[in-house]
Each structure stands twice: as structure tokens, then as C-alpha cells.
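Dropping work.cif in here (mmCIF, C-alpha atoms):
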data_work
#
loop_
_atom_site.label_atom_id
_atom_site.label_comp_id
_atom_site.auth_asym_id
_atom_site.auth_seq_id
_atom_site.Cartn_x
_atom_site.Cartn_y
_atom_site.Cartn_z
CA MET C 12 -101.47 140.52 29.38
CA ARG C 13 -99.60 137.97 31.50
CA VAL C 14 -99.02 134.47 30.22
CA SER C 15 -98.64 131.81 32.88
CA ILE C 16 -95.76 129.43 32.26
CA PRO C 17 -95.50 126.14 34.19
CA ALA C 18 -92.89 126.33 36.91
CA SER C 19 -90.89 123.48 35.38
CA ARG C 20 -90.63 125.39 32.05
CA LEU C 21 -89.27 128.53 33.64
CA PRO C 22 -85.55 129.06 33.11
CA LEU C 23 -83.75 128.07 36.26
CA PRO C 24 -81.61 130.66 37.96
CA ALA C 25 -78.24 129.79 36.53
CA SER C 26 -76.19 129.65 39.68
CA ARG C 27 -72.50 128.90 39.57
CA ASP C 28 -73.21 125.38 40.86
CA GLU C 29 -75.80 124.72 38.20
CA SER C 30 -73.59 125.88 35.37
CA GLU C 31 -70.89 123.60 36.75
CA ILE C 32 -73.36 120.67 36.71
CA ARG C 33 -74.46 121.52 33.16
CA GLN C 34 -70.85 121.72 32.02
CA ARG C 35 -70.01 118.34 33.54
CA PHE C 36 -73.02 116.65 32.00
CA ALA C 37 -72.22 118.27 28.62
CA GLN C 38 -68.72 116.79 28.77
CA LEU C 39 -70.16 113.38 29.63
CA ARG C 40 -72.63 113.70 26.73
CA GLU C 41 -69.85 114.54 24.29
CA ALA C 42 -67.75 111.62 25.47
CA ASP C 43 -70.70 109.24 25.12
CA ARG C 44 -71.49 110.55 21.63
CA ASP C 45 -67.91 109.95 20.54
CA SER C 46 -67.89 106.40 21.83
CA ALA C 47 -71.47 105.41 20.89
CA PRO C 48 -71.81 102.53 18.43
CA SER C 49 -73.39 103.58 15.14
CA PHE C 50 -77.10 103.09 14.57
CA ALA C 51 -76.40 100.88 11.54
CA GLN C 52 -74.27 98.61 13.70
CA MET C 53 -76.93 98.36 16.41
CA SER C 54 -79.83 97.78 14.02
CA ALA C 55 -77.79 95.12 12.15
CA ARG C 56 -77.24 93.33 15.45
CA ALA C 57 -80.93 93.66 16.26
CA ARG C 58 -81.83 92.20 12.84
CA MET C 59 -79.44 89.32 13.41
CA HIS C 60 -81.08 88.60 16.75
CA ARG C 61 -84.53 88.85 15.19
CA GLY C 62 -84.14 85.45 13.46
CA LEU C 63 -82.63 83.93 16.56
CA GLY C 64 -85.39 85.46 18.66
CA ALA C 65 -88.07 83.80 16.54
CA THR C 66 -86.47 80.41 17.21
CA MET C 67 -86.24 81.20 20.89
CA ARG C 68 -89.91 82.18 20.97
CA VAL C 69 -90.92 78.92 19.24
CA ARG C 70 -88.87 76.79 21.61
CA PRO C 71 -91.08 77.30 24.71
CA LEU C 72 -94.12 76.39 22.62
CA VAL C 73 -92.50 73.14 21.49
CA ILE C 74 -91.44 72.32 25.05
CA GLY C 75 -94.95 73.12 26.33
CA ALA C 76 -96.59 70.93 23.69
CA ALA C 77 -94.22 68.04 24.43
CA ALA C 78 -94.90 68.38 28.15
CA ALA C 79 -98.67 68.34 27.50
CA VAL C 80 -98.34 65.18 25.39
CA VAL C 81 -96.30 63.46 28.12
CA ILE C 82 -98.83 64.45 30.81
CA VAL C 83 -101.77 63.17 28.75
CA ALA C 84 -99.91 59.92 27.97
CA VAL C 85 -99.12 59.34 31.65
CA TRP C 86 -102.69 60.15 32.63
CA LEU C 87 -104.14 57.77 30.03
CA GLY C 88 -101.70 55.05 31.04
CA SER C 89 -102.56 55.37 34.71
CA ALA C 90 -106.31 55.45 33.91
CA ARG C 91 -105.93 52.22 31.95
CA ILE C 92 -103.99 50.59 34.78
CA PHE C 93 -106.68 51.52 37.29
CA SER C 94 -109.53 50.45 35.00
CA PHE C 95 -107.93 46.97 34.59
CA HIS C 96 -107.44 46.54 38.29
CA PRO C 97 -108.48 42.89 39.07
CA VAL C 98 -111.71 43.61 40.97
CA THR C 99 -113.71 40.68 39.53
CA PRO C 100 -111.23 37.92 40.48
CA THR C 101 -111.24 39.23 44.05
CA VAL C 102 -115.05 39.15 44.17
CA ALA C 103 -115.07 35.68 42.65
CA ALA C 104 -112.51 34.45 45.14
CA ILE C 105 -114.54 35.87 48.02
CA THR C 106 -117.81 34.30 46.82
CA ALA C 107 -116.15 30.95 46.18
CA TRP C 108 -114.55 30.78 49.57
CA ARG C 109 -115.97 28.33 52.03
CA ALA C 110 -115.13 28.15 55.67
CA PRO C 111 -113.35 24.88 56.52
CA THR C 112 -115.74 24.34 59.43
CA ASP C 113 -118.80 24.26 57.15
CA ALA C 114 -118.57 20.45 57.18
CA LEU C 115 -119.34 20.43 60.89
CA LEU C 116 -122.68 22.12 60.25
CA ARG C 117 -123.77 19.29 57.98
CA THR C 118 -125.83 17.08 60.31
CA PRO C 119 -127.48 13.72 59.56
CA GLY C 120 -130.93 14.25 58.00
CA SER C 121 -130.26 17.86 57.05
CA GLU C 122 -131.47 17.16 53.51
CA VAL C 123 -134.87 16.18 54.94
CA LEU C 124 -135.11 19.43 56.82
CA GLY C 125 -133.92 21.48 53.85
CA ALA C 126 -136.51 20.12 51.35
CA MET C 127 -140.24 20.94 51.19
CA PRO C 128 -142.25 17.73 51.90
CA ALA C 129 -145.26 16.83 49.70
CA LEU C 130 -148.65 16.78 51.38
CA SER C 131 -149.33 13.09 50.70
CA ALA C 132 -145.83 11.94 51.49
CA SER C 133 -144.08 10.95 54.65
CA VAL C 134 -140.71 12.10 55.68
CA LEU C 135 -139.76 8.51 56.12
CA ASP C 136 -140.31 7.77 52.42
CA LYS C 137 -136.94 9.16 51.50
CA MET C 138 -135.18 7.33 54.30
CA ILE C 139 -136.78 3.91 53.84
CA GLN C 140 -136.30 2.19 50.53
CA THR C 141 -139.68 0.73 49.56
CA PRO C 142 -140.45 -1.24 46.33
CA THR C 143 -142.46 1.81 45.10
CA ASN C 144 -139.52 4.05 45.68
CA ARG C 145 -137.17 1.79 43.91
CA GLY C 146 -139.39 2.05 40.84
CA THR C 147 -140.17 -1.55 40.63
CA MET U 19 -95.73 104.89 11.86
CA ASP U 20 -94.29 102.58 9.20
CA ASP U 21 -91.00 100.69 9.39
CA VAL U 22 -89.00 103.25 7.38
CA GLU U 23 -90.24 106.20 9.43
CA LEU U 24 -89.56 104.26 12.61
CA ARG U 25 -85.96 103.67 11.52
CA VAL U 26 -85.50 107.35 10.68
CA GLN U 27 -86.81 108.37 14.10
CA LEU U 28 -84.61 105.81 15.85
CA GLU U 29 -81.54 106.96 13.96
CA ARG U 30 -82.25 110.56 14.90
CA VAL U 31 -82.40 109.84 18.64
CA HIS U 32 -79.81 107.04 18.63
CA ALA U 33 -77.00 108.98 20.35
CA ASP U 34 -79.40 110.20 23.04
CA CYS U 35 -80.73 106.67 23.48
CA PHE U 36 -77.23 105.33 23.98
CA GLY U 37 -76.51 107.96 26.63
CA TRP U 38 -79.76 107.16 28.43
CA ALA U 39 -79.10 103.41 28.20
CA MET U 40 -75.65 104.01 29.71
CA SER U 41 -77.29 105.86 32.59
CA CYS U 42 -79.93 103.14 33.11
CA CYS U 43 -77.24 100.45 33.15
CA GLY U 44 -74.97 102.13 35.72
CA ARG U 45 -72.58 103.32 32.95
CA ASP U 46 -71.82 99.73 31.90
CA ARG U 47 -71.21 99.93 28.15
CA ASP U 48 -71.86 96.24 27.38
CA ASP U 49 -75.13 96.23 29.30
CA ALA U 50 -76.16 99.50 27.63
CA GLU U 51 -75.55 98.07 24.15
CA GLU U 52 -77.43 94.89 25.07
CA VAL U 53 -80.40 96.91 26.35
CA LEU U 54 -80.41 99.19 23.31
CA GLN U 55 -80.30 96.22 20.97
CA THR U 56 -83.25 94.60 22.80
CA VAL U 57 -85.16 97.88 22.59
CA TYR U 58 -84.53 98.31 18.85
CA LEU U 59 -85.55 94.71 18.29
CA SER U 60 -88.82 95.12 20.19
CA VAL U 61 -89.56 98.42 18.40
CA LEU U 62 -88.83 97.01 14.93
CA ASP U 63 -90.77 93.81 15.70
CA GLY U 64 -93.75 95.90 16.80
CA ARG U 65 -93.75 94.54 20.36
CA ALA U 66 -93.16 98.09 21.62
CA HIS U 67 -95.63 100.29 19.76
CA TYR U 68 -95.46 104.09 19.61
CA GLU U 69 -98.95 105.57 19.94
CA GLY U 70 -97.96 109.24 19.73
CA ARG U 71 -99.18 110.19 23.21
CA SER U 72 -95.81 111.83 23.97
CA SER U 73 -92.76 112.78 21.91
CA PHE U 74 -90.94 109.86 20.27
CA ARG U 75 -87.86 110.51 22.40
CA THR U 76 -89.85 110.47 25.68
CA TRP U 77 -91.52 107.24 24.62
CA ILE U 78 -88.30 105.47 23.58
CA PHE U 79 -86.61 106.61 26.80
CA GLY U 80 -89.45 104.97 28.73
CA VAL U 81 -88.97 101.74 26.77
CA ILE U 82 -85.20 101.82 27.45
CA ARG U 83 -85.82 102.41 31.15
CA ARG U 84 -88.25 99.48 31.43
CA THR U 85 -85.98 97.17 29.40
CA ALA U 86 -82.97 98.06 31.55
CA ALA U 87 -84.99 97.36 34.71
CA SER U 88 -86.08 94.01 33.29
CA GLU U 89 -82.48 93.12 32.36
CA ARG U 90 -81.35 94.10 35.88
CA ARG U 91 -83.96 91.74 37.38
CA LYS U 92 -82.79 88.92 35.11
CA ALA U 93 -79.15 89.59 36.02
CA TRP U 94 -80.09 89.57 39.71
CA LEU U 95 -81.81 86.20 39.32
CA ARG U 96 -78.83 84.81 37.40
CA GLY U 97 -76.56 86.10 40.18
CA LEU U 98 -78.75 84.39 42.74
CA MET U 99 -78.49 81.09 40.85
CA VAL U 100 -74.72 81.42 40.56
CA GLU U 101 -74.52 82.21 44.28
CA ARG U 102 -76.60 79.12 45.04
CA ASN U 103 -74.26 76.96 42.94
CA GLY U 104 -71.21 78.81 44.27
CA GLY U 105 -70.02 75.89 46.40
CA ARG U 106 -69.86 73.67 43.32
CA GLY U 107 -68.03 76.20 41.16
CA THR U 108 -64.57 75.85 39.70
CA GLY U 109 -63.23 78.69 41.79
CA GLU U 110 -62.10 80.62 38.72
CA VAL U 111 -61.54 84.32 39.18
CA GLU U 112 -62.64 86.69 36.41
CA ILE U 113 -59.88 89.03 35.32
CA VAL U 114 -61.03 92.24 33.69
CA ALA U 115 -58.46 93.57 31.25
CA ALA U 116 -58.02 97.26 30.60
CA ASP U 117 -59.60 98.57 27.41
CA PRO U 118 -56.76 98.40 24.83
CA PHE U 119 -58.38 101.00 22.58
CA VAL U 120 -58.13 103.84 25.05
CA ALA U 121 -54.79 105.60 25.12
CA PRO U 122 -53.64 105.85 28.75
CA ASP U 123 -52.95 109.59 28.55
CA ALA U 124 -55.97 110.57 26.45
CA GLY U 125 -57.94 113.38 28.01
CA VAL U 126 -56.82 112.68 31.53
CA GLU U 127 -58.36 115.85 32.85
CA HIS U 128 -61.70 115.21 31.15
CA GLU U 129 -61.74 111.65 32.48
CA SER U 130 -61.02 112.86 35.95
CA ARG U 131 -63.89 115.35 35.73
CA ARG U 132 -66.20 112.64 34.38
CA ASP U 133 -65.11 110.29 37.14
CA GLY U 134 -65.90 113.04 39.63
CA LEU U 135 -69.42 113.30 38.22
CA HIS U 136 -69.87 109.49 38.24
CA HIS U 137 -68.66 109.32 41.81
CA ALA U 138 -71.02 112.10 42.86
CA LEU U 139 -73.98 110.59 40.98
CA ALA U 140 -73.32 107.22 42.65
CA GLN U 141 -74.00 108.86 45.99
CA LEU U 142 -77.46 110.05 44.99
CA SER U 143 -80.66 108.01 45.10
CA ALA U 144 -81.70 106.23 41.89
CA ARG U 145 -84.59 108.63 41.31
CA GLN U 146 -82.44 111.73 41.86
CA CYS U 147 -79.83 110.33 39.51
CA GLU U 148 -82.43 109.58 36.83
CA VAL U 149 -84.11 112.97 36.93
CA LEU U 150 -80.79 114.86 36.91
CA GLN U 151 -79.54 112.79 34.00
CA LEU U 152 -82.72 113.51 32.04
CA VAL U 153 -82.72 117.23 32.80
CA PHE U 154 -79.02 118.04 32.53
CA TYR U 155 -77.72 115.40 30.12
CA HIS U 156 -80.72 115.08 27.80
CA GLU U 157 -81.98 118.62 28.40
CA THR U 158 -85.58 117.59 29.00
CA THR U 159 -87.99 119.52 31.19
CA VAL U 160 -88.92 118.10 34.61
CA GLU U 161 -92.35 117.25 33.15
CA GLU U 162 -90.83 115.23 30.33
CA ALA U 163 -88.52 113.54 32.83
CA ALA U 164 -91.58 112.63 34.92
CA GLY U 165 -93.17 111.15 31.78
CA VAL U 166 -90.13 108.97 31.12
CA MET U 167 -89.97 107.90 34.77
CA ARG U 168 -93.75 107.30 34.85
CA VAL U 169 -94.24 109.39 37.98
CA SER U 170 -96.20 112.57 38.66
CA VAL U 171 -94.48 115.90 38.04
CA GLY U 172 -94.43 116.54 41.79
CA SER U 173 -92.71 113.21 42.39
CA ALA U 174 -90.00 114.21 39.90
CA ARG U 175 -89.60 117.82 41.07
CA THR U 176 -88.63 116.96 44.66
CA PRO U 177 -85.80 114.55 43.76
CA TYR U 178 -84.69 117.02 41.08
CA ALA U 179 -84.30 119.90 43.57
CA ARG U 180 -82.73 117.77 46.31
CA GLY U 181 -80.51 115.88 43.89
CA LYS U 182 -79.25 119.07 42.25
CA ALA U 183 -78.38 120.60 45.60
CA ARG U 184 -76.62 117.45 46.76
CA LEU U 185 -74.75 117.05 43.46
CA ALA U 186 -73.53 120.65 43.61
CA GLU U 187 -72.35 120.03 47.15
CA LEU U 188 -70.56 116.80 46.21
CA LEU U 189 -68.90 118.32 43.14
CA GLY U 190 -67.81 121.32 45.25
CA ASP U 191 -66.30 118.97 47.83
CA ARG U 192 -64.37 117.08 45.16
CA LYS U 193 -63.06 120.29 43.63
CA GLU U 194 -61.69 121.35 47.01
CA LEU U 195 -59.79 118.05 47.41
#

Would you kindly transcribe this structure into C-alpha cells?
Amino acid sequence: MRVSIPASRLPLPASRDESEIRQRFAQLREADRDSAPSFAQMSARARMHRGLGATMRVRPLVIGAAAAVVIVAVWLGSARIFSFHPVTPTVAAITAWRAPTDALLRTPGSEVLGAMPALSASVLDKMIQTPTNRGT
Amino acid sequence: MDDVELRVQLERVHADCFGWAMSCCGRDRDDAEEVLQTVYLSVLDGRAHYEGRSSFRTWIFGVIRRTAASERRKAWLRGLMVERNGGRGTGEVEIVAADPFVAPDAGVEHESRRDGLHHALAQLSARQCEVLQLVFYHETTVEEAAGVMRVSVGSARTPYARGKARLAELLGDRKEL
């Protein structure tokens, strides 16, 4: 019975070149192992950075929250400024304004033309002072 | 997996993790330690959670690879910022001192052979380099390497074959020199 082995698991033909490569990498591995820092040393450093890391992770949150507060404050401030914009005084000033030439439109007897006359009255009654008018 | 078991597993693969972190960080020791520390922190904090879908080593290698890529992106952005502010800099030049803990004549031959390998690996593509490192350094299968690299087995096999051939050629060339 034949068992199929994946090509990558098959032993490679150990050519002279390949054994040279293996030997060189083995030397490099040995050199690295000799100079590698100990696990205890590395994990101690990692532990030391763990506390520092927590502070560093909190810092962006604090900065973000502060930025949000500033943005909201600026937005509220600007909203208040715009809501108190003096619209009413402008409207009042416009409605109160009179053209200087209005006086020219006031003609003699304009009050007679502007008022509704009574049926039994004459337009002359208001112009001519009679004893009845004077209330005597 | 509880915290104690997680620590035991991490301790067991620690040396391998360091080697892989070195590879992911272009053999920069400081960067590798930084990446490994970040990885341990995220594993112990529970931000990186092992679900048992692959071996623990394959999973942690994937986490290291992603963390290293993320650190590279951050470093690139920092570099971009520094470049942008370059005109306003102090004009100081960084001087890198030699490592005082390494004896100058210690294992000269071994160092030269390692340098030869680094030089040859630097001439390969990133994917070829990764798959060769996983297969030859960490002695994984191509399938496991594909799992770490998050690519299909076919996508790992081609760079493996081409990278191996090219590496053999480059190492042969250096030996002749």
C-alpha cells in the first residue's frame, strides 16, 4: 500500500548547495541563541510597559473627551450668539422710518378726504366754526 | 489557554521567536527586541489571542511578522516627518559606536560566514528571504511557512525554490572570491 505524502513534506534532495545553506543558517541560529535576551528579561520589560501602556491607552480617551467638550461649548456659544442677533431692533427701525419727503404729500384738506363723512353732515362743518360746533 | 500556560509556551519558543524577530527586523537587534516585547505584551494582555487553529509557534511567528510590519510602517512615517522637518533640524550627525561587548577577534571566521549569508539574503526578495529563513533557520515545512506568511502553499513554494537556487548561487560566488 502506498501512502501519499505532500510534496512539501518530502525530504529534499540534499545537494551540496543545500547542505551549505543549512549549515550557514544553523550557524546563524546558534549565534542568535547565544546572544538572545532571556525570556525573563523580556517578559519583565513587557510587564513594565503594561502599566505604561494602560496610561497611554487612557490618554487618547481623555484627549477625545476634552475635544468633544470644547466642540460642544463652541457650538453652544455660537448658537447663543446667533439666537441673540438683533433682528427685532432692525425691524423696529425699519417700521419707524419715515421718508423725509412725506411732509410734501400732506396737502391742505387731506384730513377731510381721509375721514368718513356722516350722512347728515356737510364737509364744510369741520372747516367753518359755527356756534353749534363750538358747543355753545 | 491560561496565563501560566501561555508563559510556559512563550518561554519554550522564546529563542526561536527572537531569531524570527531578528529576521523580520532586517537583523536589527534593538528593533527585534522592541517587536518581541510588543508581541509578548499583546499576548499577555490578551489582545493577541491564540485559538489553536495552528501550532503555537506558527501562530506566534505570524503575530511577530505582523507586529514587525506595523513597526516598520510607523518608523517609515516617523522618517517622513523627520525628513519634512529636516530643513529646521540642528544638523547633528548620529555616530554609531562599535559594540564594546564583542571582542574584535571573536569568531572572525564565523562572523565572515554569517556576513556572507546576510549579504546574500539582502539580495533576495522579501518573500524569498522570509520563506528561506522559516524553512532553513526555523526548520518549518513550506506549508507552515505559508501559514506564517499568510499566503497559499503555492505562493510560498515558488519563492522557496527560486530563493534557494539564487542563495546557493550567491553563496557559491562569495566562496570563490

Exercise for the section: Starting from chain U, keep only residues with some atom at most 9 Å from an atom of chain C, counting all atoms listed in the file, and report them as a PyMOL selection string. Expected result: chain U and resi 25+28-29+32-34+36-37+40+51+54-60+62-63+128+131-132+135+151+154-156+159-161+171+175+182-183+185-187+189-190

Practice task
To one decimal in Å, tell me the separation between CA of Gly181 (chain U) and CA of Leu139 (chain U).
Solution key: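 Going from CA of Gly181 (chain U) over to CA of Leu139 (chain U), I get 8.9 Å.
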
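In this model, the gap between CA of Gln27 (chain U) and CA of Ser170 (chain U) comes to 26.6 Å.
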
Practice task
For Val81 (chain U), please output as an MDAnalysis selection string all residues within 12 Å (counting only C-alpha atoms; exclusion window: fewer than 6 positions along the same chain).
Solution key: chainID U and resid 35 38:39 42 53:61 65:68 74:75 87:88 165:168

Handout entry: One-decimal distance in Å that lies between CA of Glu69 (chain U) and CA of Gly44 (chain U)
Key =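 Going from CA of Gly44 (chain U) over to CA of Glu69 (chain U), I get 28.9 Å.
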